[in-house]
file coords.cif (mmCIF, C-alpha atoms)
data_protein
#
loop_
_atom_site.label_atom_id
_atom_site.label_comp_id
_atom_site.auth_asym_id
_atom_site.auth_seq_id
_atom_site.Cartn_x
_atom_site.Cartn_y
_atom_site.Cartn_z
CA MET E 1 -2.62 13.63 21.80
CA THR E 2 -6.18 14.74 22.43
CA ASP E 3 -8.23 12.99 19.72
CA PRO E 4 -10.80 10.96 21.72
CA ASP E 5 -11.09 8.40 18.92
CA ILE E 6 -7.33 7.75 19.07
CA LEU E 7 -7.39 7.41 22.86
CA THR E 8 -10.28 4.94 22.65
CA ALA E 9 -8.49 2.91 19.97
CA LEU E 10 -5.23 2.82 21.92
CA ASN E 11 -7.06 1.64 25.02
CA ALA E 12 -8.76 -1.12 23.02
CA TYR E 13 -5.42 -2.13 21.48
CA ARG E 14 -3.72 -2.40 24.86
CA LYS E 15 -6.50 -4.77 25.92
CA GLY E 16 -5.99 -6.93 22.84
CA GLY E 17 -9.10 -5.68 21.06
CA LEU E 18 -9.91 -5.07 17.41
CA VAL E 19 -9.72 -1.66 15.73
CA ILE E 20 -10.93 -0.78 12.22
CA VAL E 21 -8.80 1.61 10.15
CA TYR E 22 -9.71 3.25 6.84
CA ASP E 23 -6.58 4.41 5.00
CA ALA E 24 -7.59 7.45 2.91
CA ASP E 25 -9.73 8.66 0.05
CA GLY E 26 -7.77 8.35 -3.19
CA ARG E 27 -5.50 5.60 -1.88
CA GLU E 28 -6.68 1.99 -1.44
CA GLU E 29 -9.91 3.31 0.10
CA GLU E 30 -10.11 0.17 2.23
CA SER E 31 -11.03 -0.46 5.85
CA ASP E 32 -8.92 -3.08 7.62
CA LEU E 33 -9.51 -4.94 10.87
CA PHE E 34 -6.43 -4.51 13.11
CA LEU E 35 -5.36 -6.49 16.15
CA PRO E 36 -2.09 -6.69 18.14
CA ALA E 37 -0.36 -9.82 16.81
CA GLU E 38 0.60 -11.04 20.29
CA ALA E 39 -3.08 -11.02 21.33
CA CYS E 40 -4.44 -12.97 18.34
CA LEU E 41 -6.75 -15.89 19.17
CA MET E 42 -8.69 -18.36 17.05
CA GLU E 43 -11.90 -16.32 17.37
CA HIS E 44 -10.14 -13.21 16.04
CA VAL E 45 -9.05 -15.07 12.92
CA ARG E 46 -12.58 -16.38 12.50
CA THR E 47 -13.95 -12.83 12.74
CA MET E 48 -11.46 -11.59 10.17
CA ARG E 49 -12.19 -14.48 7.84
CA LYS E 50 -15.98 -14.17 8.07
CA ASP E 51 -16.55 -10.43 8.59
CA GLY E 52 -13.43 -9.11 6.86
CA GLY E 53 -13.04 -11.52 3.98
CA GLY E 54 -9.73 -10.18 2.69
CA LEU E 55 -6.18 -11.39 3.21
CA ILE E 56 -5.07 -12.05 6.79
CA PHE E 57 -1.51 -10.74 7.11
CA LEU E 58 1.12 -9.54 9.57
CA MET E 59 2.27 -5.91 9.60
CA VAL E 60 5.79 -5.51 10.96
CA ARG E 61 7.63 -2.48 12.35
CA PRO E 62 11.08 -1.73 10.84
CA ASP E 63 13.13 -2.61 13.94
CA VAL E 64 11.64 -6.11 13.89
CA ARG E 65 12.36 -6.27 10.17
CA ASP E 66 15.98 -5.25 10.81
CA ALA E 67 16.50 -7.84 13.55
CA LEU E 68 15.20 -10.67 11.36
CA GLY E 69 16.60 -9.43 8.06
CA LEU E 70 13.19 -9.52 6.39
CA PRO E 71 13.44 -8.48 2.71
CA PHE E 72 10.90 -6.79 0.48
CA MET E 73 9.98 -9.45 -2.06
CA GLN E 74 9.91 -6.77 -4.75
CA GLU E 75 13.64 -6.27 -4.19
CA LEU E 76 14.43 -9.98 -4.52
CA PHE E 77 12.69 -10.43 -7.87
CA PRO E 78 15.44 -8.86 -10.03
CA LYS E 79 18.00 -11.19 -8.44
CA LEU E 80 15.76 -14.23 -8.77
CA GLY E 81 15.02 -13.21 -12.34
CA ARG E 82 18.61 -13.88 -13.39
CA GLU E 83 18.00 -17.60 -12.88
CA HIS E 84 14.22 -17.70 -13.26
CA PRO E 85 12.98 -15.18 -15.89
CA LEU E 86 9.46 -15.58 -14.52
CA PHE E 87 10.32 -13.28 -11.61
CA SER E 88 11.55 -10.53 -13.93
CA ALA E 89 8.32 -10.74 -15.90
CA LEU E 90 6.21 -10.43 -12.75
CA ILE E 91 7.96 -7.44 -11.13
CA SER E 92 5.29 -5.18 -9.57
CA ASP E 93 6.30 -1.80 -10.98
CA ASP E 94 2.79 -0.57 -11.75
CA ILE E 95 0.97 -0.52 -8.40
CA PRO E 96 -1.76 2.13 -8.87
CA TYR E 97 -1.89 3.36 -5.24
CA ASP E 98 1.79 3.32 -4.19
CA THR E 99 5.39 3.12 -5.40
CA ARG E 100 6.16 -0.32 -3.99
CA SER E 101 4.66 -3.39 -2.38
CA SER E 102 5.27 -3.96 1.33
CA PHE E 103 5.09 -7.76 1.08
CA SER E 104 7.92 -9.91 2.41
CA VAL E 105 7.99 -13.69 3.03
CA THR E 106 5.04 -15.88 4.04
CA ILE E 107 5.29 -18.04 7.17
CA ASN E 108 3.70 -20.85 9.18
CA HIS E 109 4.58 -21.75 12.75
CA ARG E 110 6.41 -25.09 12.80
CA LYS E 111 3.78 -26.57 15.15
CA THR E 112 0.94 -25.94 12.69
CA PHE E 113 -0.43 -28.67 10.43
CA THR E 114 -1.62 -27.19 7.13
CA GLY E 115 -1.24 -23.68 8.50
CA VAL E 116 -4.52 -22.38 7.06
CA THR E 117 -7.05 -23.24 9.78
CA ASP E 118 -8.18 -20.57 12.23
CA MET E 119 -6.23 -22.31 15.00
CA ASP E 120 -3.09 -22.59 12.88
CA ARG E 121 -3.14 -19.02 11.63
CA ALA E 122 -3.82 -17.67 15.13
CA MET E 123 -0.82 -19.60 16.44
CA THR E 124 1.46 -18.29 13.69
CA VAL E 125 0.37 -14.70 14.25
CA ARG E 126 0.44 -14.85 18.06
CA GLU E 127 3.85 -16.52 18.29
CA PHE E 128 5.36 -14.06 15.83
CA GLY E 129 4.00 -11.22 17.97
CA LYS E 130 5.58 -12.77 21.06
CA LEU E 131 8.91 -13.05 19.24
CA ALA E 132 8.65 -9.36 18.33
CA LEU E 133 8.16 -8.49 22.02
CA ASP E 134 11.40 -10.32 22.86
CA ILE E 135 13.48 -8.84 20.05
CA PRO E 136 14.75 -5.74 21.97
CA ALA E 137 16.55 -8.08 24.37
CA LEU E 138 18.03 -10.28 21.62
CA THR E 139 21.00 -9.87 19.32
CA PRO E 140 20.19 -10.09 15.59
CA ALA E 141 21.75 -13.57 15.53
CA GLN E 142 19.60 -14.71 18.46
CA ALA E 143 16.47 -13.19 16.90
CA LEU E 144 17.11 -14.89 13.58
CA GLY E 145 17.84 -18.18 15.35
CA ARG E 146 14.53 -17.98 17.22
CA PHE E 147 12.71 -17.08 14.01
CA GLY E 148 14.12 -20.08 12.16
CA GLU E 149 13.50 -22.37 15.10
CA HIS E 150 9.79 -21.58 15.31
CA PHE E 151 8.73 -20.66 11.76
CA ARG E 152 9.04 -21.94 8.22
CA THR E 153 8.38 -20.57 4.74
CA PRO E 154 6.36 -20.64 2.54
CA GLY E 155 3.30 -20.41 4.73
CA HIS E 156 -0.23 -19.10 5.02
CA ILE E 157 0.53 -15.80 6.79
CA PRO E 158 2.11 -13.13 4.57
CA ILE E 159 4.36 -10.58 6.25
CA CYS E 160 4.15 -6.94 5.22
CA ILE E 161 7.00 -4.73 6.41
CA SER E 162 6.75 -1.00 6.91
CA SER E 163 8.97 1.70 5.48
CA ASP E 164 11.84 2.95 7.65
CA ARG E 165 10.29 6.27 8.60
CA LEU E 166 6.81 5.48 9.83
CA LEU E 167 4.15 7.67 8.25
CA GLU E 168 6.64 9.96 6.58
CA THR E 169 7.36 8.28 3.23
CA ARG E 170 4.49 5.78 3.03
CA PHE E 171 1.00 5.91 4.52
CA GLY E 172 -0.40 2.41 4.08
CA HIS E 173 -2.20 0.17 6.54
CA THR E 174 1.14 -1.43 7.43
CA GLU E 175 2.60 1.88 8.62
CA LEU E 176 -0.67 2.93 10.27
CA SER E 177 -0.84 -0.30 12.28
CA CYS E 178 2.82 -0.10 13.32
CA ALA E 179 2.33 3.44 14.57
CA LEU E 180 -0.83 2.47 16.47
CA SER E 181 0.85 -0.51 18.13
CA THR E 182 3.93 1.57 19.00
CA MET E 183 1.90 4.40 20.56
CA ALA E 184 0.04 1.76 22.57
CA GLY E 185 3.37 0.50 23.95
CA LEU E 186 3.08 -2.92 22.29
CA SER E 187 5.27 -5.02 19.98
CA GLY E 188 4.90 -2.87 16.85
CA VAL E 189 3.47 -5.92 15.04
CA SER E 190 -0.21 -6.27 14.16
CA VAL E 191 -2.38 -8.66 12.21
CA GLY E 192 -4.78 -7.19 9.69
CA CYS E 193 -7.49 -8.13 7.23
CA GLU E 194 -9.21 -6.04 4.57
CA MET E 195 -12.99 -5.75 4.84
CA MET E 196 -14.71 -6.81 1.62
CA GLY E 197 -18.25 -6.09 0.41
CA ASP E 198 -20.65 -8.52 -1.24
CA ASP E 199 -20.42 -6.61 -4.53
CA GLY E 200 -16.86 -7.77 -5.16
CA ARG E 201 -15.31 -4.51 -4.03
CA ALA E 202 -13.86 -3.14 -0.80
CA LEU E 203 -16.49 -2.53 1.86
CA PRO E 204 -17.53 1.16 1.62
CA LYS E 205 -16.32 3.37 4.44
CA ASP E 206 -19.82 4.14 5.73
CA ARG E 207 -20.66 0.45 5.98
CA ALA E 208 -17.37 -0.26 7.76
CA LYS E 209 -18.20 2.51 10.26
CA GLU E 210 -21.66 1.01 10.78
CA TYR E 211 -20.10 -2.43 11.41
CA ALA E 212 -17.75 -0.81 13.93
CA ARG E 213 -20.65 0.88 15.76
CA THR E 214 -22.71 -2.32 15.81
CA HIS E 215 -19.87 -4.42 17.19
CA GLY E 216 -18.40 -1.83 19.56
CA ILE E 217 -15.10 -1.61 17.68
CA PRO E 218 -13.19 1.70 17.48
CA PHE E 219 -13.05 3.16 13.95
CA LEU E 220 -10.23 5.42 12.79
CA GLU E 221 -9.24 7.13 9.57
CA GLY E 222 -5.60 7.12 8.56
CA LYS E 223 -5.27 10.88 8.96
CA GLN E 224 -6.15 10.60 12.65
CA ILE E 225 -3.28 8.14 13.22
CA ILE E 226 -0.90 10.26 11.13
CA ASP E 227 -1.73 13.40 13.15
CA ALA E 228 -1.37 11.52 16.45
CA TRP E 229 1.95 10.03 15.36
CA ARG E 230 3.36 13.43 14.42
CA SER E 231 2.63 14.77 17.89
CA TRP E 232 3.72 11.61 19.75
CA ASP E 233 7.24 11.79 21.19
CA GLY E 234 7.78 8.32 22.59
CA GLU E 235 11.15 6.63 23.11
CA TRP E 236 10.93 4.35 20.05
CA LYS E 237 10.36 7.26 17.71
CA ARG E 238 13.26 9.21 19.20
CA SER E 239 15.78 6.39 19.23
CA TYR E 240 15.10 4.10 16.26
CA VAL E 241 17.62 4.24 13.42
CA PRO E 242 17.45 1.56 10.69
CA MET E 243 20.39 -0.84 10.67
CA ALA E 244 21.05 -0.01 7.02
CA ARG E 245 21.79 3.65 7.79
CA LYS E 246 23.27 4.31 11.22
CA PRO E 247 24.27 8.00 11.49
CA VAL E 248 27.75 9.00 10.28
CA THR E 249 28.98 5.42 9.86
CA VAL E 250 26.84 4.51 6.85
CA GLY E 251 28.41 1.64 4.92
CA PRO E 252 27.30 -0.95 2.40
CA SER E 253 23.59 -1.68 2.45
CA PRO E 254 22.66 -5.19 3.62
CA GLU E 255 21.80 -7.82 1.04
CA GLY E 256 18.39 -7.09 -0.41
CA ALA E 257 18.25 -3.45 0.71
CA GLY E 258 16.66 -1.31 -1.97
CA PRO E 259 15.90 2.30 -2.82
CA ASP E 260 13.51 2.90 0.05
CA PRO E 261 13.62 6.65 0.63
CA GLY E 262 16.04 7.27 3.49
CA THR E 263 18.17 4.13 3.00
CA ALA E 264 21.75 5.06 2.17
CA PRO E 265 23.36 3.30 -0.80
CA GLU E 266 26.94 2.07 -0.68
CA LYS E 267 29.32 4.97 -1.09
CA LYS E 268 31.21 5.33 -4.36
CA GLY E 269 33.69 7.96 -3.19
CA VAL E 270 33.17 11.62 -2.33
CA ARG E 271 29.45 11.96 -1.65
CA VAL E 272 27.80 15.25 -2.51
CA MET E 273 24.35 16.08 -1.15
CA ALA E 274 22.08 18.65 -2.76
CA THR E 275 18.77 19.79 -1.35
CA GLY E 276 15.77 21.60 -2.76
CA VAL E 277 12.08 21.60 -3.54
CA PHE E 278 12.36 20.83 -7.29
CA ASP E 279 8.77 21.80 -8.00
CA ILE E 280 8.11 22.21 -11.75
CA MET E 281 11.55 21.20 -13.02
CA HIS E 282 13.29 23.88 -15.12
CA PRO E 283 16.79 24.58 -16.57
CA GLY E 284 17.95 26.20 -13.34
CA HIS E 285 17.41 22.90 -11.51
CA LEU E 286 19.41 21.02 -14.15
CA HIS E 287 22.25 23.54 -13.91
CA PHE E 288 22.28 23.27 -10.11
CA LEU E 289 22.38 19.46 -10.12
CA GLN E 290 24.91 19.22 -12.96
CA ARG E 291 27.31 21.51 -11.09
CA ALA E 292 26.77 19.55 -7.88
CA HIS E 293 27.46 16.28 -9.73
CA GLU E 294 30.81 17.66 -10.90
CA LEU E 295 31.97 18.31 -7.31
CA GLY E 296 32.30 14.65 -6.26
CA ASP E 297 31.97 11.01 -7.21
CA GLU E 298 28.24 10.66 -6.55
CA LEU E 299 25.28 12.96 -6.05
CA ILE E 300 22.53 12.29 -3.53
CA VAL E 301 19.56 14.67 -3.64
CA VAL E 302 17.24 15.35 -0.71
CA VAL E 303 13.82 16.60 -1.81
CA ALA E 304 11.84 18.83 0.54
CA ARG E 305 8.64 17.41 2.03
CA ASP E 306 5.27 18.92 1.12
CA SER E 307 4.86 20.09 4.72
CA THR E 308 8.24 21.87 4.56
CA VAL E 309 7.26 23.68 1.38
CA GLU E 310 3.94 24.67 2.92
CA SER E 311 5.78 26.12 5.92
CA LEU E 312 7.45 28.49 3.42
CA LYS E 313 3.97 29.81 2.53
CA ARG E 314 3.60 27.94 -0.75
CA HIS E 315 1.69 24.78 -1.56
CA PRO E 316 3.74 22.60 -3.96
CA ILE E 317 2.26 22.08 -7.42
CA VAL E 318 3.75 18.58 -7.67
CA ASN E 319 3.50 16.24 -4.67
CA GLU E 320 6.62 15.11 -2.80
CA ARG E 321 6.64 11.56 -4.12
CA SER E 322 6.44 12.69 -7.75
CA ARG E 323 9.09 15.39 -7.20
CA ARG E 324 11.46 12.77 -5.78
CA GLU E 325 10.83 10.42 -8.70
CA MET E 326 11.49 13.18 -11.25
CA VAL E 327 14.79 14.13 -9.61
CA GLU E 328 15.97 10.52 -9.33
CA ALA E 329 15.26 9.98 -13.04
CA LEU E 330 18.00 12.48 -13.97
CA SER E 331 21.23 10.88 -15.19
CA VAL E 332 23.43 13.06 -12.93
CA VAL E 333 21.60 11.93 -9.78
CA ASP E 334 22.64 8.66 -8.08
CA ALA E 335 19.73 8.60 -5.64
CA ALA E 336 17.00 10.91 -4.36
CA TYR E 337 15.27 10.78 -0.97
CA LEU E 338 12.58 12.72 0.84
CA GLY E 339 13.92 14.81 3.71
CA TYR E 340 12.77 14.84 7.31
CA GLU E 341 9.95 17.17 8.22
CA ASN E 342 11.52 18.77 11.30
CA ASP E 343 15.28 18.25 10.96
CA HIS E 344 17.08 19.55 7.87
CA LEU E 345 20.46 18.20 9.03
CA ARG E 346 19.54 14.60 9.75
CA MET E 347 19.85 13.34 6.17
CA ALA E 348 23.40 14.71 5.93
CA LEU E 349 24.27 12.66 9.01
CA GLU E 350 22.58 9.49 7.83
CA LEU E 351 24.02 9.74 4.31
CA ASN E 352 27.51 10.53 5.65
CA THR E 353 28.17 13.26 3.10
CA GLU E 354 31.47 15.08 2.60
CA LEU E 355 30.04 18.02 0.69
CA ASN E 356 26.69 19.81 0.90
CA ASP E 357 25.64 21.79 -2.15
CA ILE E 358 23.10 24.62 -1.68
CA GLY E 359 21.39 26.73 -4.33
CA TYR E 360 22.14 30.39 -5.01
CA ASP E 361 18.75 31.38 -3.56
CA GLN E 362 18.64 29.13 -0.49
CA SER E 363 18.60 30.96 2.83
CA TYR E 364 21.38 28.99 4.54
CA GLU E 365 24.81 30.58 4.98
CA PRO E 366 27.58 28.05 4.20
CA ASP E 367 29.63 28.83 7.33
CA GLU E 368 26.63 28.58 9.63
CA LEU E 369 25.54 25.30 8.08
CA GLU E 370 29.06 23.85 8.40
CA ASN E 371 29.14 24.82 12.08
CA GLU E 372 25.76 23.23 12.74
CA LEU E 373 26.88 19.97 11.14
CA ARG E 374 30.20 20.06 13.02
CA LYS E 375 28.32 20.32 16.32
CA ARG E 376 26.56 17.07 15.42
CA GLY E 377 29.81 15.26 14.65
CA LEU E 378 30.06 15.59 10.88
CA LYS E 379 32.71 17.58 9.02
CA VAL E 380 31.11 18.74 5.78
CA ARG E 381 32.15 21.41 3.30
CA VAL E 382 29.18 23.53 2.20
CA VAL E 383 29.27 25.12 -1.26
CA ARG E 384 26.80 27.64 -2.66
CA MET E 385 26.11 27.15 -6.36
CA ASP E 386 26.02 30.06 -8.79
CA LYS E 387 22.94 31.12 -10.73
CA ARG E 388 22.58 29.88 -14.30
CA THR E 389 23.36 32.80 -16.63
CA GLY E 390 20.19 34.17 -18.16
CA ASP E 391 17.99 31.87 -16.10
CA ILE E 392 14.57 32.81 -14.84
CA GLU E 393 14.27 33.32 -11.12
CA GLY E 394 12.89 29.81 -10.62
CA THR E 395 9.59 28.13 -9.92
CA ARG E 396 8.01 31.24 -8.41
CA GLN E 397 8.57 33.18 -11.64
CA ILE E 398 7.18 30.30 -13.70
CA LEU E 399 4.03 30.35 -11.58
CA ALA E 400 3.79 34.12 -11.92
CA ARG E 401 4.09 33.87 -15.72
CA ILE E 402 1.38 31.20 -15.80
CA LYS E 403 -0.95 33.40 -13.72
CA GLU E 404 -0.27 36.31 -16.06
CA GLY E 405 -1.58 34.15 -18.91
CA GLY E 406 1.47 33.55 -21.03
CA GLY E 407 4.81 34.98 -21.95
CA SER E 408 8.05 33.24 -22.83
CA ILE E 409 9.77 31.43 -20.00
#
call {"tool": "encode", "arguments": {"input": "coords.cif", "output": "structure tokens"}}
result
Amino acid sequence: MTDPDILTALNAYRKGGLVIVYDADGREEESDLFLPAEACLMEHVRTMRKDGGGLIFLMVRPDVRDALGLPFMQELFPKLGREHPLFSALISDDIPYDTRSSFSVTINHRKTFTGVTDMDRAMTVREFGKLALDIPALTPAQALGRFGEHFRTPGHIPICISSDRLLETRFGHTELSCALSTMAGLSGVSVGCEMMGDDGRALPKDRAKEYARTHGIPFLEGKQIIDAWRSWDGEWKRSYVPMARKPVTVGPSPEGAGPDPGTAPEKKGVRVMATGVFDIMHPGHLHFLQRAHELGDELIVVVARDSTVESLKRHPIVNERSRREMVEALSVVDAAYLGYENDHLRMALELNTELNDIGYDQSYEPDELENELRKRGLKVRVVRMDKRTGDIEGTRQILARIKEGGGSI
């Protein structure tokens, strides 16, 4: 980790200082004020309220989420909608910058009055951060007991919870802040606030950078945090496994768990896993997945990450999120997840598969793959699928035909 901006920001974070983070062009395109939750004081909330102007909210790392059983509100709405149709009508399935909302419950500390004053909100944020620091030493029951003892809902501080795999499947401010706090050796929980402009829109990036320079606050772009996180090899990153998907012993998902990429669903019987890129879907893909579906009781598909495809000397035409969504929409597929960037076996372990289905053109040898999985404690039968009779060679041939300017595919 050699980026001087990152090192400056981490140093400021460890001292309880503010950092400003811009997510990315083409996403929210917002700059947020970040602060370690456990360091939040009344004057920080005042700064966020006056100079930020957006929502003041907590951003929570997944291990803290697991310990407290925090749900994504988006996952609760279908259940609530059975009794209150209002919630079904309001389901947020059309977010323009992401596939899901990270919002969970809203809280106030029980010692607050209205909960909305600078003093009250600082107390709620700070005490939640302190609880997060204690969570590694607590059992889930103890953590939940402490949470209920000190906080109530609804409240004036919304909680946003990160995706399981920080900065692999989602790249929002929540994940960026959790990674920054974790690399700084802190609780993994931050408080944030979007910076708003006087024109009714998000404060432009150049003006946010000018504010940062004027006030001596480190300014980072999301890509800098993502790059630093990919090279960081700290203990938390190596050891954290979400409670919903412990390796090999995956069972029923906890109440409220949803289709977050990487979260194993409850098994229906013999679980078959198929892997691939699935760029520009064609009949060969359908043949491959149909045959895989016939081998067991359910089919889980792992879609290669953009970075993995690029390592094979080809830039994907369709991005990883869209490729996953296309695969999961197929009737023969029970669920589809994005794979890990540097470990092609890990999803087989976390999904507890009995059978791994590989395509006719994939480079793995079945025996070698079975041996690799056996070394890691999982007995899996690997089957190579046949080629669809009369099929084109795949996506590469489609691309070649397109470049040639036509021809029947």
call {"tool": "closest_residue", "arguments": {"input": "coords.cif", "among": "E:Ala202, E:Ala122, E:Met195, E:Ala37", "to": "Asp51 of chain E", "atoms": "only C-alpha atoms"}}
result
E:Met195
call {"tool": "resolve_selection", "arguments": {"input": "coords.cif", "expression": "the PyMOL selection byres ((chain E and resi 316) around 12)", "output": "PyMOL selection string"}}
result
chain E and resi 277-280+303-315+317-323+395-396+399
call {"tool": "resolve_selection", "arguments": {"input": "coords.cif", "expression": "the PyMOL selection byres ((chain E and resi 50) around 12)", "output": "PyMOL selection string"}}
result
chain E and resi 33+43-49+51-56+118+193-198
call {"tool": "resolve_selection", "arguments": {"input": "coords.cif", "expression": "the PyMOL selection byres ((chain E and resi 90) around 10)", "output": "PDB file with C-alpha atoms, in the coordinates of the input"}}
result
ATOM      1  CA  GLN E  74       9.910  -6.770  -4.750  1.00  0.00           C
ATOM      2  CA  PHE E  77      12.690 -10.430  -7.870  1.00  0.00           C
ATOM      3  CA  PRO E  78      15.440  -8.860 -10.030  1.00  0.00           C
ATOM      4  CA  GLY E  81      15.020 -13.210 -12.340  1.00  0.00           C
ATOM      5  CA  PRO E  85      12.980 -15.180 -15.890  1.00  0.00           C
ATOM      6  CA  LEU E  86       9.460 -15.580 -14.520  1.00  0.00           C
ATOM      7  CA  PHE E  87      10.320 -13.280 -11.610  1.00  0.00           C
ATOM      8  CA  SER E  88      11.550 -10.530 -13.930  1.00  0.00           C
ATOM      9  CA  ALA E  89       8.320 -10.740 -15.900  1.00  0.00           C
ATOM     10  CA  ILE E  91       7.960  -7.440 -11.130  1.00  0.00           C
ATOM     11  CA  SER E  92       5.290  -5.180  -9.570  1.00  0.00           C
ATOM     12  CA  ASP E  93       6.300  -1.800 -10.980  1.00  0.00           C
TER      13      ASP E  93
END
call {"tool": "atom_distance", "arguments": {"input": "coords.cif", "atom1": "atom CA of Tyr337 of chain E", "atom2": "atom CA of Met183 of chain E"}}
result
26.1 Å
call {"tool": "residues_around", "arguments": {"input": "coords.cif", "residues": "Asp227 of chain E", "least_positions_apart": "3", "cutoff": "12 Å", "atoms": "all atoms listed in the file", "output": "PyMOL selection string"}}
result
chain E and resi 1-3+6+167-168+171+176+179-180+220-224+230-232
call {"tool": "residues_around", "arguments": {"input": "coords.cif", "residues": "Leu18 of chain E", "least_positions_apart": "6", "cutoff": "9 Å", "atoms": "all atoms listed in the file", "output": "JSON, numbers by chain"}}
result
{"E": [9, 12, 33, 34, 35, 36, 44, 217, 218]}
call {"tool": "closest_residue", "arguments": {"input": "coords.cif", "among": "E:Leu80, E:Tyr340, E:Glu28, E:Glu365", "to": "Pro96 of chain E", "atoms": "all atoms listed in the file"}}
result
E:Glu28
call {"tool": "closest_residue", "arguments": {"input": "coords.cif", "among": "E:Asn356, E:Thr112, E:Ser331, E:Ser102", "to": "Leu295 of chain E", "atoms": "all atoms listed in the file"}}
result
E:Asn356
call {"tool": "atom_distance", "arguments": {"input": "coords.cif", "atom1": "atom CA of Gly339 of chain E", "atom2": "atom CA of Ser101 of chain E"}}
result
21.3 Å
call {"tool": "closest_residue", "arguments": {"input": "coords.cif", "among": "E:Val19, E:Ile159, E:Leu286, E:Met123", "to": "Ile107 of chain E", "atoms": "only C-alpha atoms"}}
result
E:Ile159
call {"tool": "closest_residue", "arguments": {"input": "coords.cif", "among": "E:Ile157, E:Met42, E:Leu133, E:Met119", "to": "Phe57 of chain E", "atoms": "all atoms listed in the file"}}
result
E:Ile157
call {"tool": "atom_distance", "arguments": {"input": "coords.cif", "atom1": "atom CA of Leu203 of chain E", "atom2": "atom CA of Met59 of chain E"}}
result
20.6 Å
call {"tool": "closest_residue", "arguments": {"input": "coords.cif", "among": "E:Glu350, E:Asp120, E:Asp63, E:Asp5", "to": "His156 of chain E", "atoms": "only C-alpha atoms"}}
result
E:Asp120
call {"tool": "residues_near_point", "arguments": {"input": "coords.cif", "point": "(31.5, 23.4, 2.9)", "cutoff": "8 Å", "atoms": "only C-alpha atoms", "output": "list in words"}}
result
Leu355, Asn356, Asp357, Pro366, Asp367, Glu370, Val380, Arg381, Val382 and Val383 of chain E
